[in-house]
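Undergrad: Sending over my_file_35.txt (compact mmCIF, C-alpha atoms and all ligand atoms).
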# COMPACT_ATOMS: atom_id res chain seq x y z
CA MET H 1 8.09 -37.77 13.60
CA ARG H 2 6.94 -36.08 10.39
CA ALA H 3 7.21 -32.37 9.62
CA VAL H 4 6.58 -30.01 6.72
CA VAL H 5 9.82 -28.14 5.99
CA PHE H 6 10.30 -25.02 3.91
CA ALA H 7 13.90 -25.92 2.95
CA ALA H 8 14.56 -22.72 0.98
CA VAL H 9 12.56 -20.15 -0.98
CA GLY H 10 9.97 -22.10 -3.00
CA GLU H 11 11.16 -25.50 -1.70
CA LEU H 12 8.61 -27.50 0.28
CA THR H 13 9.31 -31.00 1.60
CA VAL H 14 7.88 -33.38 4.18
CA ALA H 15 10.68 -34.83 6.28
CA GLU H 16 11.41 -37.08 9.22
CA ARG H 17 12.53 -35.08 12.26
CA PRO H 18 13.70 -36.01 15.78
CA GLU H 19 11.12 -35.81 18.57
CA PRO H 20 11.22 -32.35 20.21
CA VAL H 21 12.61 -32.04 23.74
CA PRO H 22 11.27 -29.22 25.95
CA GLY H 23 13.77 -26.77 27.44
CA PRO H 24 13.23 -24.79 30.65
CA ARG H 25 9.74 -23.18 30.74
CA GLU H 26 8.86 -24.90 27.45
CA VAL H 27 6.23 -27.49 26.60
CA VAL H 28 5.85 -30.06 23.83
CA ILE H 29 2.48 -29.96 22.10
CA GLU H 30 0.95 -32.69 19.94
CA THR H 31 -0.54 -30.70 17.09
CA ALA H 32 -4.31 -30.81 16.56
CA ALA H 33 -4.83 -28.21 13.84
CA VAL H 34 -2.83 -25.55 12.02
CA GLY H 35 -4.56 -22.93 9.91
CA ILE H 36 -3.14 -21.96 6.53
CA CYS H 37 -3.12 -18.27 5.64
CA GLY H 38 -1.53 -15.82 3.22
CA THR H 39 1.46 -15.44 5.53
CA ASP H 40 2.47 -19.06 4.80
CA THR H 41 2.62 -18.40 1.07
CA HIS H 42 4.58 -15.16 1.67
CA VAL H 43 7.06 -17.10 3.83
CA LEU H 44 7.54 -19.87 1.23
CA ASP H 45 7.88 -17.31 -1.56
CA GLY H 46 10.61 -15.49 0.39
CA GLU H 47 8.50 -12.35 0.70
CA PHE H 48 8.23 -12.32 4.51
CA GLU H 49 10.69 -10.06 6.30
CA GLY H 50 13.43 -11.97 8.12
CA THR H 51 12.55 -15.62 7.43
CA VAL H 52 15.45 -17.98 8.11
CA PHE H 53 15.34 -21.26 6.12
CA PRO H 54 14.96 -24.16 6.68
CA LEU H 55 11.76 -23.54 8.65
CA VAL H 56 8.76 -25.60 9.71
CA PRO H 57 5.70 -23.41 8.90
CA GLY H 58 2.50 -23.14 10.93
CA HIS H 59 1.59 -20.21 13.19
CA GLU H 60 -2.18 -20.72 13.81
CA ALA H 61 -1.99 -23.76 16.03
CA THR H 62 -3.73 -25.76 18.70
CA GLY H 63 -2.96 -29.09 20.32
CA THR H 64 -2.51 -31.13 23.47
CA VAL H 65 0.38 -30.73 25.92
CA VAL H 66 2.36 -33.98 25.96
CA ALA H 67 5.57 -33.00 27.82
CA LEU H 68 6.69 -30.23 30.15
CA GLY H 69 10.16 -28.74 30.53
CA PRO H 70 11.46 -27.65 33.94
CA GLY H 71 9.23 -24.95 35.48
CA ALA H 72 6.43 -25.15 32.90
CA ASP H 73 4.11 -26.67 35.52
CA GLN H 74 4.56 -23.69 37.87
CA GLY H 75 3.50 -20.05 37.98
CA PRO H 76 0.34 -18.27 36.83
CA GLY H 77 0.16 -20.02 33.45
CA ALA H 78 0.97 -23.47 34.87
CA LEU H 79 0.31 -26.24 32.36
CA ALA H 80 -0.24 -29.97 32.71
CA VAL H 81 0.08 -32.94 30.38
CA GLY H 82 -3.27 -33.42 28.64
CA ASP H 83 -4.21 -29.72 28.55
CA HIS H 84 -5.76 -28.56 25.27
CA VAL H 85 -4.03 -25.33 24.24
CA ALA H 86 -3.81 -22.58 21.64
CA VAL H 87 -0.41 -21.06 20.92
CA ASN H 88 0.55 -17.42 20.44
CA PRO H 89 3.32 -17.62 17.82
CA SER H 90 4.90 -14.20 18.56
CA SER H 91 8.08 -13.72 20.55
CA THR H 92 9.54 -10.29 21.25
CA CYS H 93 12.92 -9.16 22.55
CA GLY H 94 11.65 -7.13 25.51
CA GLU H 95 14.62 -4.78 25.16
CA CYS H 96 14.14 -2.58 22.10
CA ASP H 97 12.59 0.89 22.17
CA LEU H 98 9.28 -0.43 20.79
CA CYS H 99 9.04 -3.30 23.30
CA LEU H 100 9.85 -0.88 26.12
CA THR H 101 7.06 1.48 25.06
CA GLY H 102 4.33 -1.17 24.91
CA ARG H 103 4.43 -1.85 21.17
CA GLN H 104 5.81 -5.39 21.30
CA ASN H 105 4.03 -6.34 18.07
CA LEU H 106 6.34 -3.90 16.30
CA CYS H 107 9.47 -5.23 18.10
CA ARG H 108 12.64 -4.65 16.11
CA ALA H 109 13.69 -8.28 16.71
CA TRP H 110 10.20 -9.79 16.35
CA ASN H 111 10.20 -13.57 15.96
CA GLY H 112 7.14 -15.52 14.89
CA MET H 113 6.98 -19.31 15.10
CA GLY H 114 6.69 -20.69 11.59
CA VAL H 115 7.33 -17.34 9.94
CA VAL H 116 10.74 -15.98 11.08
CA ARG H 117 13.25 -18.31 12.75
CA ALA H 118 11.41 -20.51 15.26
CA ASP H 119 9.85 -23.70 13.87
CA GLY H 120 6.08 -23.70 13.62
CA ALA H 121 3.38 -26.29 14.14
CA ALA H 122 3.07 -28.03 10.76
CA GLN H 123 4.60 -31.13 12.34
CA GLN H 124 3.32 -33.88 14.58
CA ARG H 125 4.72 -32.32 17.76
CA PHE H 126 6.39 -28.97 18.45
CA THR H 127 7.86 -27.00 21.34
CA ALA H 128 6.62 -23.61 22.52
CA PRO H 129 7.51 -21.34 25.45
CA ALA H 130 4.95 -21.89 28.24
CA ALA H 131 4.32 -18.12 28.28
CA ASN H 132 2.94 -18.39 24.72
CA VAL H 133 0.63 -21.30 25.49
CA PHE H 134 -2.99 -20.62 26.46
CA LYS H 135 -5.13 -23.30 28.07
CA LEU H 136 -8.51 -24.09 26.49
CA ARG H 137 -11.56 -25.45 28.25
CA PRO H 138 -11.92 -29.22 27.83
CA ASP H 139 -15.24 -28.72 26.00
CA THR H 140 -13.79 -26.28 23.45
CA ASP H 141 -13.37 -27.81 19.97
CA VAL H 142 -9.59 -28.02 19.75
CA PHE H 143 -9.65 -28.06 15.92
CA GLU H 144 -11.93 -25.05 15.45
CA ALA H 145 -9.86 -23.26 18.12
CA ALA H 146 -7.04 -22.85 15.58
CA LEU H 147 -9.03 -19.74 14.60
CA ILE H 148 -7.98 -18.14 17.91
CA GLU H 149 -4.67 -16.88 16.47
CA PRO H 150 -6.30 -14.94 13.61
CA LEU H 151 -8.99 -13.85 16.09
CA ALA H 152 -6.24 -12.38 18.30
CA CYS H 153 -5.09 -10.33 15.27
CA ALA H 154 -8.69 -9.19 14.69
CA ILE H 155 -9.06 -8.13 18.33
CA HIS H 156 -5.88 -6.07 18.08
CA GLY H 157 -7.37 -4.53 14.93
CA TRP H 158 -10.47 -3.55 16.89
CA ASP H 159 -8.26 -2.24 19.73
CA LEU H 160 -7.13 0.42 17.25
CA LEU H 161 -10.65 1.38 16.09
CA PRO H 162 -13.22 3.53 17.89
CA ARG H 163 -15.77 1.75 20.11
CA ARG H 164 -18.91 3.81 19.48
CA MET H 165 -22.45 2.52 19.89
CA GLY H 166 -24.40 2.86 16.67
CA ASP H 167 -21.58 2.99 14.13
CA HIS H 168 -22.04 1.54 10.66
CA VAL H 169 -19.16 -0.68 9.63
CA LEU H 170 -18.06 -1.74 6.15
CA VAL H 171 -15.64 -4.64 5.68
CA TYR H 172 -13.89 -5.53 2.40
CA GLY H 173 -13.07 -9.20 1.98
CA SER H 174 -15.06 -12.21 3.15
CA GLY H 175 -12.03 -14.41 3.87
CA THR H 176 -11.05 -15.45 7.38
CA MET H 177 -9.95 -11.98 8.53
CA GLY H 178 -12.91 -10.13 7.04
CA LEU H 179 -15.31 -12.64 8.59
CA LEU H 180 -13.65 -12.24 12.00
CA MET H 181 -13.58 -8.42 11.88
CA ALA H 182 -17.22 -8.37 10.76
CA GLN H 183 -18.35 -10.79 13.49
CA LEU H 184 -16.59 -8.70 16.15
CA ALA H 185 -18.13 -5.42 14.93
CA PRO H 186 -21.43 -5.75 16.87
CA ARG H 187 -19.39 -6.55 19.99
CA ALA H 188 -17.64 -3.19 19.45
CA GLY H 189 -20.96 -1.36 19.18
CA ALA H 190 -21.78 -1.48 15.47
CA ALA H 191 -25.41 -0.87 14.52
CA SER H 192 -24.88 -2.50 11.14
CA VAL H 193 -22.19 -4.49 9.38
CA THR H 194 -21.81 -4.67 5.60
CA ILE H 195 -19.36 -7.03 3.93
CA ILE H 196 -18.07 -6.84 0.35
CA ASP H 197 -16.43 -9.59 -1.67
CA VAL H 198 -16.06 -9.76 -5.43
CA ASN H 199 -16.48 -13.54 -5.15
CA PRO H 200 -20.15 -14.34 -4.38
CA ASP H 201 -19.19 -17.83 -3.07
CA ARG H 202 -17.38 -16.16 -0.18
CA LEU H 203 -20.47 -14.18 0.70
CA VAL H 204 -22.25 -17.49 1.36
CA THR H 205 -19.89 -17.98 4.29
CA ALA H 206 -20.64 -14.43 5.48
CA ALA H 207 -24.36 -15.29 5.48
CA GLU H 208 -23.69 -18.49 7.44
CA VAL H 209 -21.80 -16.63 10.17
CA GLY H 210 -24.62 -14.07 10.40
CA ILE H 211 -23.43 -10.99 8.49
CA GLU H 212 -26.64 -9.32 7.36
CA HIS H 213 -25.58 -7.02 4.50
CA ARG H 214 -23.53 -8.68 1.75
CA TYR H 215 -22.62 -7.35 -1.69
CA THR H 216 -20.15 -7.99 -4.49
CA SER H 217 -19.81 -4.21 -4.85
CA ALA H 218 -20.17 -1.50 -2.17
CA GLY H 219 -22.02 0.58 -4.76
CA ASP H 220 -24.98 -1.83 -4.42
CA ALA H 221 -25.32 -1.28 -0.65
CA ASP H 222 -28.25 0.54 0.94
CA ARG H 223 -26.00 3.33 2.25
CA ALA H 224 -23.28 5.49 0.73
CA GLU H 225 -21.00 6.10 3.70
CA TRP H 226 -19.86 4.29 6.81
CA ASP H 227 -18.27 5.38 10.11
CA VAL H 228 -15.66 2.64 9.90
CA VAL H 229 -14.31 1.00 6.75
CA ILE H 230 -11.91 -1.94 7.15
CA ASP H 231 -9.95 -3.38 4.25
CA CYS H 232 -9.21 -7.07 4.81
CA THR H 233 -8.09 -7.77 1.24
CA GLY H 234 -4.86 -5.83 0.69
CA SER H 235 -6.20 -5.23 -2.81
CA ILE H 236 -5.46 -1.75 -4.12
CA ALA H 237 -8.81 -1.71 -5.96
CA ALA H 238 -10.66 -2.43 -2.69
CA ILE H 239 -8.64 0.19 -0.79
CA GLU H 240 -9.29 2.86 -3.43
CA ASP H 241 -12.98 1.95 -3.46
CA GLY H 242 -13.30 1.91 0.33
CA LEU H 243 -11.48 5.00 1.55
CA PRO H 244 -13.85 7.49 -0.14
CA ARG H 245 -16.79 5.72 1.54
CA VAL H 246 -15.60 6.71 5.05
CA MET H 247 -18.02 9.23 6.60
CA ALA H 248 -16.62 12.58 7.81
CA GLY H 249 -14.94 11.98 11.16
CA GLY H 250 -14.67 8.27 10.41
CA VAL H 251 -11.85 5.76 10.25
CA PHE H 252 -10.30 3.65 7.50
CA GLN H 253 -8.25 0.64 8.57
CA HIS H 254 -5.63 -1.23 6.56
CA PHE H 255 -5.93 -4.81 7.87
CA GLY H 256 -5.19 -6.68 4.62
CA VAL H 257 -1.59 -7.10 3.51
CA ALA H 258 -0.96 -5.15 0.31
CA PRO H 259 2.15 -5.93 -1.78
CA ALA H 260 5.12 -4.16 -0.11
CA ASP H 261 5.85 -1.97 -3.15
CA ALA H 262 2.23 -1.12 -4.06
CA THR H 263 0.76 2.38 -3.78
CA ALA H 264 -2.87 3.50 -3.60
CA ARG H 265 -4.48 6.81 -4.62
CA TYR H 266 -6.71 8.87 -2.35
CA SER H 267 -7.58 12.53 -1.89
CA PRO H 268 -5.43 14.19 0.81
CA PHE H 269 -7.88 17.12 0.68
CA ARG H 270 -10.76 14.82 1.63
CA VAL H 271 -8.75 13.29 4.52
CA TYR H 272 -7.97 16.84 5.76
CA ARG H 273 -11.38 18.37 5.19
CA ASP H 274 -13.41 15.54 6.72
CA GLU H 275 -10.96 14.49 9.44
CA VAL H 276 -10.70 10.95 8.14
CA SER H 277 -8.31 8.76 10.17
CA VAL H 278 -6.27 6.10 8.39
CA VAL H 279 -4.90 3.42 10.71
CA GLY H 280 -2.91 0.22 10.31
CA THR H 281 -2.86 -2.88 12.48
CA MET H 282 -0.13 -5.48 12.80
CA ALA H 283 -0.43 -8.94 14.35
CA VAL H 284 -1.17 -9.51 18.02
CA LEU H 285 -0.61 -7.18 20.97
CA ASN H 286 -1.78 -8.44 24.36
CA SER H 287 -4.87 -9.81 22.64
CA PHE H 288 -4.30 -13.57 22.64
CA GLY H 289 -5.88 -14.30 26.03
CA ARG H 290 -8.85 -12.12 25.10
CA ALA H 291 -9.17 -14.06 21.84
CA VAL H 292 -9.41 -17.30 23.84
CA ALA H 293 -12.14 -15.72 26.00
CA MET H 294 -14.08 -14.39 22.99
CA PHE H 295 -13.80 -17.71 21.15
CA GLU H 296 -14.97 -19.69 24.18
CA THR H 297 -17.88 -17.33 24.75
CA GLY H 298 -19.11 -18.00 21.21
CA ALA H 299 -18.40 -14.59 19.68
CA ILE H 300 -17.36 -16.34 16.46
CA LYS H 301 -19.25 -18.94 14.44
CA ALA H 302 -16.25 -21.12 13.70
CA GLN H 303 -17.83 -24.18 12.12
CA PRO H 304 -18.89 -22.56 8.79
CA MET H 305 -15.46 -20.93 8.45
CA ILE H 306 -13.38 -24.14 8.05
CA SER H 307 -13.87 -26.13 4.84
CA HIS H 308 -10.99 -28.59 4.36
CA THR H 309 -8.38 -30.44 6.40
CA PHE H 310 -5.10 -31.83 5.09
CA THR H 311 -2.50 -34.34 6.23
CA LEU H 312 1.16 -33.24 6.37
CA GLU H 313 1.75 -35.16 3.12
CA ASP H 314 -0.98 -33.07 1.44
CA TYR H 315 0.38 -29.71 2.69
CA ALA H 316 1.49 -28.69 -0.82
CA GLN H 317 -2.02 -29.40 -2.10
CA ALA H 318 -3.44 -27.18 0.66
CA LEU H 319 -1.16 -24.31 -0.41
CA ARG H 320 -2.18 -24.77 -4.06
CA MET H 321 -5.83 -24.64 -3.06
CA PHE H 322 -5.23 -21.54 -0.94
CA ARG H 323 -3.45 -19.77 -3.81
CA ALA H 324 -6.33 -20.64 -6.12
CA GLY H 325 -8.73 -19.00 -3.64
CA GLN H 326 -10.69 -22.22 -3.17
CA GLY H 327 -12.47 -23.32 -0.01
CA ARG H 328 -12.78 -21.43 3.26
CA LYS H 329 -10.21 -21.73 6.06
CA LEU H 330 -7.92 -24.66 5.20
CA GLN H 331 -6.35 -26.56 8.07
CA VAL H 332 -3.49 -29.00 8.37
CA ARG H 333 -4.10 -31.73 10.94
CA PRO H 334 -0.68 -33.38 11.29
CA ASN H 335 -1.83 -36.37 13.31
CA GLN H 336 -4.70 -37.39 11.05
CA ASP H 337 -4.21 -39.95 8.24
CA THR H 338 -6.67 -38.60 5.69
CA SER H 339 -7.42 -35.19 4.20
CA GLN H 340 -11.09 -34.30 4.44
CA THR H 341 -13.69 -32.00 2.98
CA LEU H 342 -15.75 -30.67 5.89
CA LEU H 343 -18.01 -28.46 3.78
CA GLY H 344 -18.96 -29.04 0.16
CA GLN H 345 -17.72 -26.64 -2.48
CA ARG H 346 -20.61 -24.42 -3.48
CA ARG H 347 -19.85 -23.89 -7.15
ZN ZN F 401 -2.09 -16.47 9.72
ZN ZN F 402 11.73 -5.68 20.96
Could I get this structure in the form of structure tokens?

TA:
Amino acid sequence: MRAVVFAAVGELTVAERPEPVPGPREVVIETAAVGICGTDTHVLDGEFEGTVFPLVPGHEATGTVVALGPGADQGPGALAVGDHVAVNPSSTCGECDLCLTGRQNLCRAWNGMGVVRADGAAQQRFTAPAANVFKLRPDTDVFEAALIEPLACAIHGWDLLPRRMGDHVLVYGSGTMGLLMAQLAPRAGAASVTIIDVNPDRLVTAAEVGIEHRYTSAGDADRAEWDVVIDCTGSIAAIEDGLPRVMAGGVFQHFGVAPADATARYSPFRVYRDEVSVVGTMAVLNSFGRAVAMFETGAIKAQPMISHTFTLEDYAQALRMFRAGQGRKLQVRPNQDTSQTLLGQRR
């Protein structure tokens, strides 16, 4: 069986690996699709906290159950061979102060498949604890469903924002996360959604998923302030542009991952005077099952969001393309023999 392996910082190989064997309450999944995101580049570059090499990457995964360990076919989440599934990559210790106070996403011993010390899904087959495996409907597109993991992050993001009918929402960044946060905004009560991206090509995707107001600069928009401003870029320029656009009493959310040592400037007086809230959001907290439900109810237009698929052998090419900011969501499909362009490059 073939697998992508991050052997050490900056070292990417494709290697032969033994077939996985499921332990108690584990299943083996034949991988359908694995999304590539910024986290994968941070892991390979040695910038992700706690990564243990060698590691098989891949944390945004779907597939088909092909083997069950003892007990995986029993209990509330009982699984069967042939089930199509999406996999929550997070494992938590259940014992630390943060786990015991309902903040498992901030667990002090947090382990993410493909990012910390458990192997991920960029291989032909992989094991996962049954508790992390969510069954999909047979008619759900198992490849597009690899967007469920980032959608679960977006839903946690919205869990931390106000749900007020009639709010105006501004999103920075028309990549996968920005597109998901923007598509969820009307579901959370937004009267309007505006999306900003300095790259006009990315705004084409925003149009295709139905985001009405799209600009390369927020200064061009038809309003000056918004109730909720969400940064999905991690770019300091975007953050410094966006925070002053929060209306009095509004909320600014850091969703994008800024460099760990970066700082941004804002006016503490303004935050005090206008009661602006600044909130973060980190990964998934009890939102994976809801992400499956939202995906299967059609809350997200997935098809325009995925542009290219890659074989395991072409994984390095996928990472190069991601770093160059080309394409839309890039997926690895470890059991397909050819890499494909699903949507033409609009350039
Ligand atoms: Zn990701
Ligand atoms: Zn914990």

Undergrad: CA of Lys329 (chain H) to CA of Leu180 (chain H): how many Å, to one decimal?

TA: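 So the two atoms, CA of Lys329 (chain H) and CA of Leu180 (chain H), lie 11.7 Å apart.
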
Undergrad: For Gly157 (chain H), which of H:Gly63, H:Pro186, H:Gly178, H:Gly75 is the closest residue, counting all atoms listed in the file?

TA: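 Residue with the minimum atom-to-atom distance to Gly157 (chain H): H:Gly178.
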
Undergrad: Within 8 Å of ligand ZN 401 (chain F) (counting all atoms listed in the file), which residues show up? I'd like them as a ChimeraX atom specification.

TA: /H:35-40,59-60,149-150

Undergrad: Nearest residue to ligand ZN 402 (chain F) out of H:Ala130, H:Leu312, H:Cys99, H:Leu179, using only C-alpha atoms and all ligand atoms?

TA: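 Comparing H:Ala130, H:Leu312, H:Cys99, H:Leu179 against ligand ZN 402 (chain F), the winner is H:Cys99.
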
Undergrad: Taking all atoms listed in the file into account, which residues are within 6 Å of ligand ZN 402 (chain F), as a list of chain:residue names?

TA: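 What falls inside 6 Å of ligand ZN 402 (chain F) is H:Thr92, H:Cys93, H:Gly94, H:Glu95, H:Cys96, H:Leu98, H:Cys99, H:Gln104, H:Cys107, H:Arg108, H:Ala109.
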
Undergrad: Have region 63-80 of chain H completed to N, CA, C and O atoms, please, and pass it along as a PDB file, in the frame of the given file.

TA:
ATOM      1  N   GLY H  63      -3.362 -27.719  20.089  1.00  0.00           N
ATOM      2  CA  GLY H  63      -2.960 -29.090  20.320  1.00  0.00           C
ATOM      3  C   GLY H  63      -3.119 -29.477  21.764  1.00  0.00           C
ATOM      4  O   GLY H  63      -3.815 -28.804  22.528  1.00  0.00           O
ATOM      5  N   THR H  64      -2.437 -30.577  22.113  1.00  0.00           N
ATOM      6  CA  THR H  64      -2.510 -31.130  23.470  1.00  0.00           C
ATOM      7  C   THR H  64      -1.103 -31.176  24.045  1.00  0.00           C
ATOM      8  O   THR H  64      -0.176 -31.645  23.369  1.00  0.00           O
ATOM      9  N   VAL H  65      -0.942 -30.691  25.271  1.00  0.00           N
ATOM     10  CA  VAL H  65       0.380 -30.730  25.920  1.00  0.00           C
ATOM     11  C   VAL H  65       0.743 -32.190  26.196  1.00  0.00           C
ATOM     12  O   VAL H  65      -0.039 -32.932  26.794  1.00  0.00           O
ATOM     13  N   VAL H  66       1.931 -32.599  25.727  1.00  0.00           N
ATOM     14  CA  VAL H  66       2.360 -33.980  25.960  1.00  0.00           C
ATOM     15  C   VAL H  66       3.635 -34.073  26.795  1.00  0.00           C
ATOM     16  O   VAL H  66       3.971 -35.150  27.294  1.00  0.00           O
ATOM     17  N   ALA H  67       4.370 -32.980  26.965  1.00  0.00           N
ATOM     18  CA  ALA H  67       5.570 -33.000  27.820  1.00  0.00           C
ATOM     19  C   ALA H  67       5.856 -31.602  28.325  1.00  0.00           C
ATOM     20  O   ALA H  67       5.570 -30.622  27.635  1.00  0.00           O
ATOM     21  N   LEU H  68       6.412 -31.521  29.530  1.00  0.00           N
ATOM     22  CA  LEU H  68       6.690 -30.230  30.150  1.00  0.00           C
ATOM     23  C   LEU H  68       8.179 -30.128  30.456  1.00  0.00           C
ATOM     24  O   LEU H  68       8.771 -31.069  31.007  1.00  0.00           O
ATOM     25  N   GLY H  69       8.788 -28.989  30.113  1.00  0.00           N
ATOM     26  CA  GLY H  69      10.160 -28.740  30.530  1.00  0.00           C
ATOM     27  C   GLY H  69      10.164 -28.223  31.963  1.00  0.00           C
ATOM     28  O   GLY H  69       9.098 -27.915  32.524  1.00  0.00           O
ATOM     29  N   PRO H  70      11.374 -28.111  32.557  1.00  0.00           N
ATOM     30  CA  PRO H  70      11.460 -27.650  33.940  1.00  0.00           C
ATOM     31  C   PRO H  70      10.749 -26.306  34.140  1.00  0.00           C
ATOM     32  O   PRO H  70      10.956 -25.375  33.358  1.00  0.00           O
ATOM     33  N   GLY H  71       9.880 -26.222  35.132  1.00  0.00           N
ATOM     34  CA  GLY H  71       9.230 -24.950  35.480  1.00  0.00           C
ATOM     35  C   GLY H  71       7.947 -24.672  34.745  1.00  0.00           C
ATOM     36  O   GLY H  71       7.196 -23.761  35.102  1.00  0.00           O
ATOM     37  N   ALA H  72       7.636 -25.440  33.689  1.00  0.00           N
ATOM     38  CA  ALA H  72       6.430 -25.150  32.900  1.00  0.00           C
ATOM     39  C   ALA H  72       5.151 -25.519  33.655  1.00  0.00           C
ATOM     40  O   ALA H  72       4.064 -25.113  33.268  1.00  0.00           O
ATOM     41  N   ASP H  73       5.298 -26.287  34.729  1.00  0.00           N
ATOM     42  CA  ASP H  73       4.110 -26.670  35.520  1.00  0.00           C
ATOM     43  C   ASP H  73       3.927 -25.740  36.719  1.00  0.00           C
ATOM     44  O   ASP H  73       3.145 -26.011  37.607  1.00  0.00           O
ATOM     45  N   GLN H  74       4.676 -24.630  36.752  1.00  0.00           N
ATOM     46  CA  GLN H  74       4.560 -23.690  37.870  1.00  0.00           C
ATOM     47  C   GLN H  74       4.217 -22.291  37.381  1.00  0.00           C
ATOM     48  O   GLN H  74       4.333 -22.003  36.201  1.00  0.00           O
ATOM     49  N   GLY H  75       3.790 -21.441  38.313  1.00  0.00           N
ATOM     50  CA  GLY H  75       3.500 -20.050  37.980  1.00  0.00           C
ATOM     51  C   GLY H  75       2.081 -19.869  37.508  1.00  0.00           C
ATOM     52  O   GLY H  75       1.297 -20.819  37.445  1.00  0.00           O
ATOM     53  N   PRO H  76       1.735 -18.603  37.158  1.00  0.00           N
ATOM     54  CA  PRO H  76       0.340 -18.270  36.830  1.00  0.00           C
ATOM     55  C   PRO H  76      -0.205 -19.029  35.623  1.00  0.00           C
ATOM     56  O   PRO H  76      -1.378 -19.362  35.568  1.00  0.00           O
ATOM     57  N   GLY H  77       0.646 -19.323  34.638  1.00  0.00           N
ATOM     58  CA  GLY H  77       0.160 -20.020  33.450  1.00  0.00           C
ATOM     59  C   GLY H  77       0.479 -21.507  33.504  1.00  0.00           C
ATOM     60  O   GLY H  77       0.686 -22.132  32.465  1.00  0.00           O
ATOM     61  N   ALA H  78       0.530 -22.073  34.705  1.00  0.00           N
ATOM     62  CA  ALA H  78       0.970 -23.470  34.870  1.00  0.00           C
ATOM     63  C   ALA H  78       0.190 -24.414  33.966  1.00  0.00           C
ATOM     64  O   ALA H  78      -1.028 -24.327  33.849  1.00  0.00           O
ATOM     65  N   LEU H  79       0.913 -25.303  33.314  1.00  0.00           N
ATOM     66  CA  LEU H  79       0.310 -26.240  32.360  1.00  0.00           C
ATOM     67  C   LEU H  79       0.501 -27.660  32.847  1.00  0.00           C
ATOM     68  O   LEU H  79       1.392 -27.933  33.654  1.00  0.00           O
ATOM     69  N   ALA H  80      -0.337 -28.555  32.347  1.00  0.00           N
ATOM     70  CA  ALA H  80      -0.240 -29.970  32.710  1.00  0.00           C
ATOM     71  C   ALA H  80      -0.370 -30.812  31.450  1.00  0.00           C
ATOM     72  O   ALA H  80      -0.982 -30.391  30.461  1.00  0.00           O
TER      73      ALA H  80
END
